[in-house]
Amino acid sequence: MALTKKPVLPQVALYDRLIATIPGLERKGDNNPHTSLNGNMFTLLHQSRTLAIRLPDGKREEFLKKHKTTLFEAYGAVMKEYVSVPAALLKKTKELQKYLELSHAYAKTLKPKLTKKKS
């Protein structure tokens, strides 16, 4: 019996295209696609297929106002540093790229987190 590949959802394909705009940046997680640096996650494609991007103060408020969106919420908890990316904006890689770059730069300033190694 031949194994069939799971189809790539349109949001995942758009997310991968966005991530590819930063050389060397790689997506982690098959079920929970995300990017992280030094143990600090800075983007997440939630199972609801909403993209969340971690932004610093000032840039976060600017994004919320410009794109008429909200802070990202998952499982009833607001992730205070993350914005919800409107679905229409996810399709605009070039426009979204600057926010990914801001998020990546912000992640570089965060204190590294120890990660648990799998035994």
# chains A, B, ... in the order shown; residues from 1 in each chain; ligands from 1
>>> select_by_dssp(residues="chain A", states="alpha helix (DSSP H)", output="ChimeraX atom specification")
/A:10-19,59-66,87-90,93-109
>>> write_last_selection(atoms="N, CA and C atoms", output="JSON list (two decimals), in the first residue's frame")
[["chain", "number", "residue", "atom", "x", "y", "z"],
["A", 10, "PRO", "N", -3.33, 25.78, 2.20],
["A", 10, "PRO", "CA", -2.92, 27.04, 1.59],
["A", 10, "PRO", "C", -2.21, 27.98, 2.58],
["A", 11, "GLN", "N", -2.67, 28.00, 3.83],
["A", 11, "GLN", "CA", -2.06, 28.88, 4.82],
["A", 11, "GLN", "C", -0.62, 28.45, 5.10],
["A", 12, "VAL", "N", -0.37, 27.15, 5.13],
["A", 12, "VAL", "CA", 0.98, 26.64, 5.39],
["A", 12, "VAL", "C", 1.90, 27.01, 4.22],
["A", 13, "ALA", "N", 1.40, 26.87, 3.00],
["A", 13, "ALA", "CA", 2.19, 27.24, 1.83],
["A", 13, "ALA", "C", 2.52, 28.73, 1.84],
["A", 14, "LEU", "N", 1.56, 29.57, 2.21],
["A", 14, "LEU", "CA", 1.80, 31.02, 2.30],
["A", 14, "LEU", "C", 2.80, 31.34, 3.42],
["A", 15, "TYR", "N", 2.67, 30.64, 4.53],
["A", 15, "TYR", "CA", 3.58, 30.81, 5.66],
["A", 15, "TYR", "C", 5.00, 30.41, 5.26],
["A", 16, "ASP", "N", 5.14, 29.29, 4.57],
["A", 16, "ASP", "CA", 6.46, 28.85, 4.10],
["A", 16, "ASP", "C", 7.06, 29.87, 3.14],
["A", 17, "ARG", "N", 6.23, 30.44, 2.27],
["A", 17, "ARG", "CA", 6.71, 31.45, 1.33],
["A", 17, "ARG", "C", 7.21, 32.68, 2.08],
["A", 18, "LEU", "N", 6.50, 33.07, 3.12],
["A", 18, "LEU", "CA", 6.92, 34.21, 3.94],
["A", 18, "LEU", "C", 8.25, 33.93, 4.63],
["A", 19, "ILE", "N", 8.37, 32.77, 5.25],
["A", 19, "ILE", "CA", 9.59, 32.40, 5.97],
["A", 19, "ILE", "C", 10.80, 32.38, 5.03],
["A", 59, "LYS", "N", 5.68, 48.88, 17.59],
["A", 59, "LYS", "CA", 5.40, 48.24, 16.30],
["A", 59, "LYS", "C", 4.13, 47.39, 16.39],
["A", 60, "ARG", "N", 3.91, 46.81, 17.56],
["A", 60, "ARG", "CA", 2.71, 45.99, 17.78],
["A", 60, "ARG", "C", 1.46, 46.86, 17.66],
["A", 61, "GLU", "N", 1.47, 48.00, 18.36],
["A", 61, "GLU", "CA", 0.32, 48.91, 18.33],
["A", 61, "GLU", "C", 0.10, 49.46, 16.92],
["A", 62, "GLU", "N", 1.19, 49.76, 16.24],
["A", 62, "GLU", "CA", 1.11, 50.26, 14.87],
["A", 62, "GLU", "C", 0.44, 49.21, 13.95],
["A", 63, "PHE", "N", 0.84, 47.96, 14.10],
["A", 63, "PHE", "CA", 0.27, 46.87, 13.30],
["A", 63, "PHE", "C", -1.22, 46.71, 13.59],
["A", 64, "LEU", "N", -1.57, 46.70, 14.88],
["A", 64, "LEU", "CA", -2.97, 46.52, 15.28],
["A", 64, "LEU", "C", -3.87, 47.59, 14.67],
["A", 65, "LYS", "N", -3.39, 48.82, 14.71],
["A", 65, "LYS", "CA", -4.17, 49.94, 14.19],
["A", 65, "LYS", "C", -4.25, 49.90, 12.66],
["A", 66, "LYS", "N", -3.10, 49.71, 12.01],
["A", 66, "LYS", "CA", -3.04, 49.73, 10.55],
["A", 66, "LYS", "C", -3.86, 48.61, 9.93],
["A", 87, "ALA", "N", -6.26, 37.24, 7.39],
["A", 87, "ALA", "CA", -6.08, 36.26, 6.31],
["A", 87, "ALA", "C", -5.67, 36.93, 5.00],
["A", 88, "ALA", "N", -6.25, 38.07, 4.68],
["A", 88, "ALA", "CA", -5.92, 38.76, 3.43],
["A", 88, "ALA", "C", -4.46, 39.21, 3.41],
["A", 89, "LEU", "N", -3.93, 39.59, 4.58],
["A", 89, "LEU", "CA", -2.54, 40.04, 4.65],
["A", 89, "LEU", "C", -1.57, 38.86, 4.50],
["A", 90, "LEU", "N", -1.96, 37.69, 4.96],
["A", 90, "LEU", "CA", -1.10, 36.51, 4.82],
["A", 90, "LEU", "C", -0.78, 36.24, 3.35],
["A", 93, "THR", "N", 2.81, 38.51, 0.76],
["A", 93, "THR", "CA", 4.13, 38.18, 1.31],
["A", 93, "THR", "C", 5.03, 39.40, 1.40],
["A", 94, "LYS", "N", 5.09, 40.18, 0.35],
["A", 94, "LYS", "CA", 5.99, 41.33, 0.33],
["A", 94, "LYS", "C", 5.65, 42.33, 1.44],
["A", 95, "GLU", "N", 4.38, 42.59, 1.65],
["A", 95, "GLU", "CA", 3.95, 43.53, 2.69],
["A", 95, "GLU", "C", 4.19, 42.95, 4.09],
["A", 96, "LEU", "N", 3.98, 41.66, 4.24],
["A", 96, "LEU", "CA", 4.13, 41.00, 5.54],
["A", 96, "LEU", "C", 5.59, 40.77, 5.89],
["A", 97, "GLN", "N", 6.45, 40.73, 4.89],
["A", 97, "GLN", "CA", 7.87, 40.46, 5.10],
["A", 97, "GLN", "C", 8.52, 41.43, 6.10],
["A", 98, "LYS", "N", 8.16, 42.71, 6.04],
["A", 98, "LYS", "CA", 8.77, 43.68, 6.95],
["A", 98, "LYS", "C", 8.43, 43.37, 8.41],
["A", 99, "TYR", "N", 7.23, 42.83, 8.63],
["A", 99, "TYR", "CA", 6.84, 42.47, 10.00],
["A", 99, "TYR", "C", 7.56, 41.21, 10.46],
["A", 100, "LEU", "N", 7.79, 40.29, 9.55],
["A", 100, "LEU", "CA", 8.57, 39.11, 9.89],
["A", 100, "LEU", "C", 10.00, 39.53, 10.25],
["A", 101, "GLU", "N", 10.56, 40.44, 9.49],
["A", 101, "GLU", "CA", 11.92, 40.93, 9.77],
["A", 101, "GLU", "C", 11.97, 41.63, 11.13],
["A", 102, "LEU", "N", 10.95, 42.45, 11.44],
["A", 102, "LEU", "CA", 10.88, 43.11, 12.75],
["A", 102, "LEU", "C", 10.79, 42.07, 13.87],
["A", 103, "SER", "N", 9.96, 41.05, 13.64],
["A", 103, "SER", "CA", 9.77, 40.00, 14.64],
["A", 103, "SER", "C", 11.06, 39.22, 14.87],
["A", 104, "HIS", "N", 11.75, 38.89, 13.78],
["A", 104, "HIS", "CA", 13.02, 38.16, 13.87],
["A", 104, "HIS", "C", 14.06, 38.99, 14.62],
["A", 105, "ALA", "N", 14.14, 40.28, 14.30],
["A", 105, "ALA", "CA", 15.07, 41.17, 14.98],
["A", 105, "ALA", "C", 14.73, 41.28, 16.47],
["A", 106, "TYR", "N", 13.44, 41.34, 16.78],
["A", 106, "TYR", "CA", 13.00, 41.40, 18.18],
["A", 106, "TYR", "C", 13.38, 40.13, 18.92],
["A", 107, "ALA", "N", 13.20, 38.99, 18.27],
["A", 107, "ALA", "CA", 13.54, 37.70, 18.90],
["A", 107, "ALA", "C", 15.03, 37.63, 19.25],
["A", 108, "LYS", "N", 15.87, 38.30, 18.46],
["A", 108, "LYS", "CA", 17.31, 38.32, 18.72],
["A", 108, "LYS", "C", 17.64, 39.06, 20.01],
["A", 109, "THR", "N", 16.74, 39.96, 20.45],
["A", 109, "THR", "CA", 16.99, 40.75, 21.66],
["A", 109, "THR", "C", 16.50, 40.05, 22.93]]
>>> residues_around(residues="segment 79-81 of chain A", least_positions_apart="2", cutoff="12 Å", atoms="only C-alpha atoms", output="ChimeraX atom specification")
/A:40-44,52-61,63-64,70-77,83-84,103,106-107
>>> write_last_selection(atoms="N, CA, C and O atoms", output="short mmCIF file (atom, residue, chain, number, x, y, z; two decimals), in the first residue's frame")
data_model
loop_
_atom_site.label_atom_id
_atom_site.label_comp_id
_atom_site.auth_asym_id
_atom_site.auth_seq_id
_atom_site.Cartn_x
_atom_site.Cartn_y
_atom_site.Cartn_z
N ASN A 40 12.96 31.06 21.85
CA ASN A 40 11.86 32.04 21.87
C ASN A 40 11.10 31.98 20.55
O ASN A 40 11.65 32.31 19.50
N MET A 41 9.85 31.56 20.62
CA MET A 41 9.01 31.53 19.43
C MET A 41 8.70 32.97 19.02
O MET A 41 8.48 33.83 19.87
N PHE A 42 8.70 33.22 17.69
CA PHE A 42 8.34 34.56 17.26
C PHE A 42 7.27 34.59 16.17
O PHE A 42 6.74 35.65 15.86
N THR A 43 6.95 33.46 15.59
CA THR A 43 5.74 33.35 14.75
C THR A 43 5.12 31.99 15.01
O THR A 43 5.80 31.04 15.40
N LEU A 44 3.83 31.92 14.75
CA LEU A 44 3.09 30.69 14.96
C LEU A 44 1.92 30.65 13.99
O LEU A 44 1.17 31.62 13.89
N ALA A 52 0.19 34.21 13.86
CA ALA A 52 0.50 35.13 14.94
C ALA A 52 1.97 35.55 14.80
O ALA A 52 2.83 34.69 14.58
N ILE A 53 2.22 36.83 14.91
CA ILE A 53 3.59 37.35 14.83
C ILE A 53 3.88 38.15 16.09
O ILE A 53 3.09 39.00 16.50
N ARG A 54 5.03 37.86 16.69
CA ARG A 54 5.47 38.55 17.91
C ARG A 54 6.17 39.84 17.49
O ARG A 54 7.13 39.82 16.72
N LEU A 55 5.68 40.96 18.02
CA LEU A 55 6.25 42.26 17.68
C LEU A 55 6.59 43.04 18.95
O LEU A 55 5.92 42.88 19.98
N PRO A 56 7.60 43.91 18.87
CA PRO A 56 7.93 44.73 20.03
C PRO A 56 6.90 45.84 20.25
O PRO A 56 6.12 46.16 19.35
N ASP A 57 6.94 46.42 21.46
CA ASP A 57 6.05 47.56 21.76
C ASP A 57 6.22 48.61 20.67
O ASP A 57 7.28 48.75 20.09
N GLY A 58 5.21 49.36 20.44
CA GLY A 58 5.25 50.41 19.41
C GLY A 58 4.89 49.83 18.06
O GLY A 58 3.90 50.22 17.46
N LYS A 59 5.68 48.88 17.59
CA LYS A 59 5.40 48.24 16.30
C LYS A 59 4.13 47.39 16.39
O LYS A 59 3.37 47.28 15.44
N ARG A 60 3.91 46.81 17.56
CA ARG A 60 2.71 45.99 17.78
C ARG A 60 1.46 46.86 17.66
O ARG A 60 0.52 46.54 16.94
N GLU A 61 1.47 48.00 18.36
CA GLU A 61 0.32 48.91 18.33
C GLU A 61 0.10 49.46 16.92
O GLU A 61 -1.04 49.59 16.48
N PHE A 63 0.84 47.96 14.10
CA PHE A 63 0.27 46.87 13.30
C PHE A 63 -1.22 46.71 13.59
O PHE A 63 -2.03 46.60 12.67
N LEU A 64 -1.57 46.70 14.88
CA LEU A 64 -2.97 46.52 15.28
C LEU A 64 -3.87 47.59 14.67
O LEU A 64 -4.95 47.29 14.16
N THR A 70 -6.40 42.29 16.15
CA THR A 70 -6.32 42.18 17.60
C THR A 70 -5.07 41.43 18.01
O THR A 70 -4.38 40.84 17.18
N LEU A 71 -4.83 41.44 19.32
CA LEU A 71 -3.78 40.59 19.85
C LEU A 71 -4.21 39.14 19.61
O LEU A 71 -5.41 38.85 19.57
N PHE A 72 -3.24 38.27 19.47
CA PHE A 72 -3.55 36.87 19.19
C PHE A 72 -4.03 36.17 20.45
O PHE A 72 -3.49 36.37 21.53
N GLU A 73 -5.07 35.37 20.29
CA GLU A 73 -5.63 34.63 21.42
C GLU A 73 -5.67 33.15 21.06
O GLU A 73 -6.09 32.77 19.96
N ALA A 74 -5.20 32.32 21.99
CA ALA A 74 -5.23 30.87 21.80
C ALA A 74 -5.69 30.20 23.09
O ALA A 74 -5.18 30.53 24.16
N TYR A 75 -6.62 29.30 22.95
CA TYR A 75 -7.13 28.54 24.09
C TYR A 75 -7.60 29.44 25.23
O TYR A 75 -7.38 29.16 26.40
N GLY A 76 -8.21 30.57 24.86
CA GLY A 76 -8.76 31.48 25.85
C GLY A 76 -7.77 32.43 26.50
O GLY A 76 -8.13 33.23 27.35
N ALA A 77 -6.49 32.35 26.09
CA ALA A 77 -5.47 33.23 26.66
C ALA A 77 -4.94 34.18 25.59
O ALA A 77 -4.66 33.77 24.47
N VAL A 83 0.42 39.54 17.49
CA VAL A 83 -0.72 40.08 16.77
C VAL A 83 -1.30 39.00 15.86
O VAL A 83 -0.57 38.12 15.39
N SER A 84 -2.59 39.06 15.63
CA SER A 84 -3.25 38.16 14.68
C SER A 84 -3.14 38.79 13.30
O SER A 84 -3.51 39.94 13.10
N SER A 103 9.96 41.05 13.64
CA SER A 103 9.77 40.00 14.64
C SER A 103 11.06 39.22 14.87
O SER A 103 11.45 38.93 16.01
N TYR A 106 13.44 41.34 16.78
CA TYR A 106 13.00 41.40 18.18
C TYR A 106 13.38 40.13 18.92
O TYR A 106 13.86 40.17 20.05
N ALA A 107 13.20 38.99 18.27
CA ALA A 107 13.54 37.70 18.90
C ALA A 107 15.03 37.63 19.25
O ALA A 107 15.41 37.03 20.25
#
>>> closest_residue(among="A:Leu114, A:Val78, A:Val85, A:Leu25", to="Thr50 of chain A", atoms="only C-alpha atoms")
A:Val85
>>> select_by_dssp(residues="segment 5-99 of chain A", states="strand (DSSP E)", output="list in words")
His34, Thr35, Ser36, Leu37, Asn40, Met41, Phe42, Thr43, Leu44, Leu45, Leu51, Ala52, Ile53, Arg54, Leu71, Phe72, Glu73, Ala74, Ala77, Val78, Met79, Lys80, Glu81, Tyr82, Val83, Ser84 and Val85 of chain A
>>> write_last_selection(atoms="N, CA and C atoms", output="PDB file, in the first residue's frame")
ATOM      1  N   HIS A  34       5.871  26.881  13.311  1.00  0.00           N
ATOM      2  CA  HIS A  34       6.321  28.079  14.011  1.00  0.00           C
ATOM      3  C   HIS A  34       7.773  28.366  13.671  1.00  0.00           C
ATOM      4  N   THR A  35       8.235  29.533  14.089  1.00  0.00           N
ATOM      5  CA  THR A  35       9.650  29.872  14.021  1.00  0.00           C
ATOM      6  C   THR A  35      10.081  30.259  15.419  1.00  0.00           C
ATOM      7  N   SER A  36      11.336  29.951  15.722  1.00  0.00           N
ATOM      8  CA  SER A  36      11.862  30.341  17.030  1.00  0.00           C
ATOM      9  C   SER A  36      13.354  30.604  16.913  1.00  0.00           C
ATOM     10  N   LEU A  37      13.851  31.341  17.886  1.00  0.00           N
ATOM     11  CA  LEU A  37      15.265  31.694  17.947  1.00  0.00           C
ATOM     12  C   LEU A  37      15.686  31.651  19.406  1.00  0.00           C
ATOM     13  N   ASN A  40      12.963  31.065  21.852  1.00  0.00           N
ATOM     14  CA  ASN A  40      11.862  32.036  21.874  1.00  0.00           C
ATOM     15  C   ASN A  40      11.101  31.983  20.550  1.00  0.00           C
ATOM     16  N   MET A  41       9.847  31.562  20.618  1.00  0.00           N
ATOM     17  CA  MET A  41       9.012  31.530  19.428  1.00  0.00           C
ATOM     18  C   MET A  41       8.697  32.974  19.018  1.00  0.00           C
ATOM     19  N   PHE A  42       8.698  33.217  17.689  1.00  0.00           N
ATOM     20  CA  PHE A  42       8.336  34.565  17.256  1.00  0.00           C
ATOM     21  C   PHE A  42       7.269  34.588  16.168  1.00  0.00           C
ATOM     22  N   THR A  43       6.947  33.456  15.591  1.00  0.00           N
ATOM     23  CA  THR A  43       5.744  33.352  14.751  1.00  0.00           C
ATOM     24  C   THR A  43       5.120  31.992  15.005  1.00  0.00           C
ATOM     25  N   LEU A  44       3.831  31.924  14.754  1.00  0.00           N
ATOM     26  CA  LEU A  44       3.090  30.686  14.956  1.00  0.00           C
ATOM     27  C   LEU A  44       1.922  30.653  13.991  1.00  0.00           C
ATOM     28  N   LEU A  45       1.796  29.541  13.268  1.00  0.00           N
ATOM     29  CA  LEU A  45       0.607  29.335  12.457  1.00  0.00           C
ATOM     30  C   LEU A  45      -0.279  28.398  13.257  1.00  0.00           C
ATOM     31  N   LEU A  51      -2.224  33.231  11.535  1.00  0.00           N
ATOM     32  CA  LEU A  51      -0.813  33.496  11.774  1.00  0.00           C
ATOM     33  C   LEU A  51      -0.686  34.518  12.894  1.00  0.00           C
ATOM     34  N   ALA A  52       0.189  34.210  13.857  1.00  0.00           N
ATOM     35  CA  ALA A  52       0.503  35.133  14.944  1.00  0.00           C
ATOM     36  C   ALA A  52       1.965  35.546  14.803  1.00  0.00           C
ATOM     37  N   ILE A  53       2.224  36.831  14.911  1.00  0.00           N
ATOM     38  CA  ILE A  53       3.589  37.354  14.831  1.00  0.00           C
ATOM     39  C   ILE A  53       3.881  38.149  16.092  1.00  0.00           C
ATOM     40  N   ARG A  54       5.028  37.859  16.690  1.00  0.00           N
ATOM     41  CA  ARG A  54       5.468  38.554  17.907  1.00  0.00           C
ATOM     42  C   ARG A  54       6.173  39.841  17.494  1.00  0.00           C
ATOM     43  N   LEU A  71      -4.826  41.442  19.317  1.00  0.00           N
ATOM     44  CA  LEU A  71      -3.780  40.587  19.847  1.00  0.00           C
ATOM     45  C   LEU A  71      -4.213  39.142  19.614  1.00  0.00           C
ATOM     46  N   PHE A  72      -3.245  38.270  19.467  1.00  0.00           N
ATOM     47  CA  PHE A  72      -3.549  36.868  19.186  1.00  0.00           C
ATOM     48  C   PHE A  72      -4.031  36.173  20.451  1.00  0.00           C
ATOM     49  N   GLU A  73      -5.068  35.374  20.294  1.00  0.00           N
ATOM     50  CA  GLU A  73      -5.633  34.630  21.416  1.00  0.00           C
ATOM     51  C   GLU A  73      -5.672  33.150  21.056  1.00  0.00           C
ATOM     52  N   ALA A  74      -5.200  32.322  21.991  1.00  0.00           N
ATOM     53  CA  ALA A  74      -5.230  30.869  21.796  1.00  0.00           C
ATOM     54  C   ALA A  74      -5.686  30.205  23.088  1.00  0.00           C
ATOM     55  N   ALA A  77      -6.491  32.346  26.092  1.00  0.00           N
ATOM     56  CA  ALA A  77      -5.468  33.231  26.663  1.00  0.00           C
ATOM     57  C   ALA A  77      -4.944  34.182  25.589  1.00  0.00           C
ATOM     58  N   VAL A  78      -4.822  35.454  25.954  1.00  0.00           N
ATOM     59  CA  VAL A  78      -4.276  36.451  25.038  1.00  0.00           C
ATOM     60  C   VAL A  78      -2.753  36.386  25.122  1.00  0.00           C
ATOM     61  N   MET A  79      -2.127  36.235  23.972  1.00  0.00           N
ATOM     62  CA  MET A  79      -0.660  36.247  23.905  1.00  0.00           C
ATOM     63  C   MET A  79      -0.270  37.701  23.649  1.00  0.00           C
ATOM     64  N   LYS A  80       0.075  38.401  24.725  1.00  0.00           N
ATOM     65  CA  LYS A  80       0.168  39.863  24.701  1.00  0.00           C
ATOM     66  C   LYS A  80       1.198  40.461  23.740  1.00  0.00           C
ATOM     67  N   GLU A  81       2.196  39.713  23.324  1.00  0.00           N
ATOM     68  CA  GLU A  81       3.177  40.261  22.389  1.00  0.00           C
ATOM     69  C   GLU A  81       2.904  39.866  20.942  1.00  0.00           C
ATOM     70  N   TYR A  82       1.865  39.090  20.712  1.00  0.00           N
ATOM     71  CA  TYR A  82       1.570  38.569  19.378  1.00  0.00           C
ATOM     72  C   TYR A  82       0.329  39.228  18.780  1.00  0.00           C
ATOM     73  N   VAL A  83       0.423  39.545  17.494  1.00  0.00           N
ATOM     74  CA  VAL A  83      -0.722  40.081  16.768  1.00  0.00           C
ATOM     75  C   VAL A  83      -1.295  39.000  15.864  1.00  0.00           C
ATOM     76  N   SER A  84      -2.589  39.056  15.634  1.00  0.00           N
ATOM     77  CA  SER A  84      -3.246  38.163  14.678  1.00  0.00           C
ATOM     78  C   SER A  84      -3.135  38.791  13.298  1.00  0.00           C
ATOM     79  N   VAL A  85      -2.606  38.031  12.363  1.00  0.00           N
ATOM     80  CA  VAL A  85      -2.456  38.521  10.999  1.00  0.00           C
ATOM     81  C   VAL A  85      -3.748  38.229  10.230  1.00  0.00           C
TER      82      VAL A  85
END
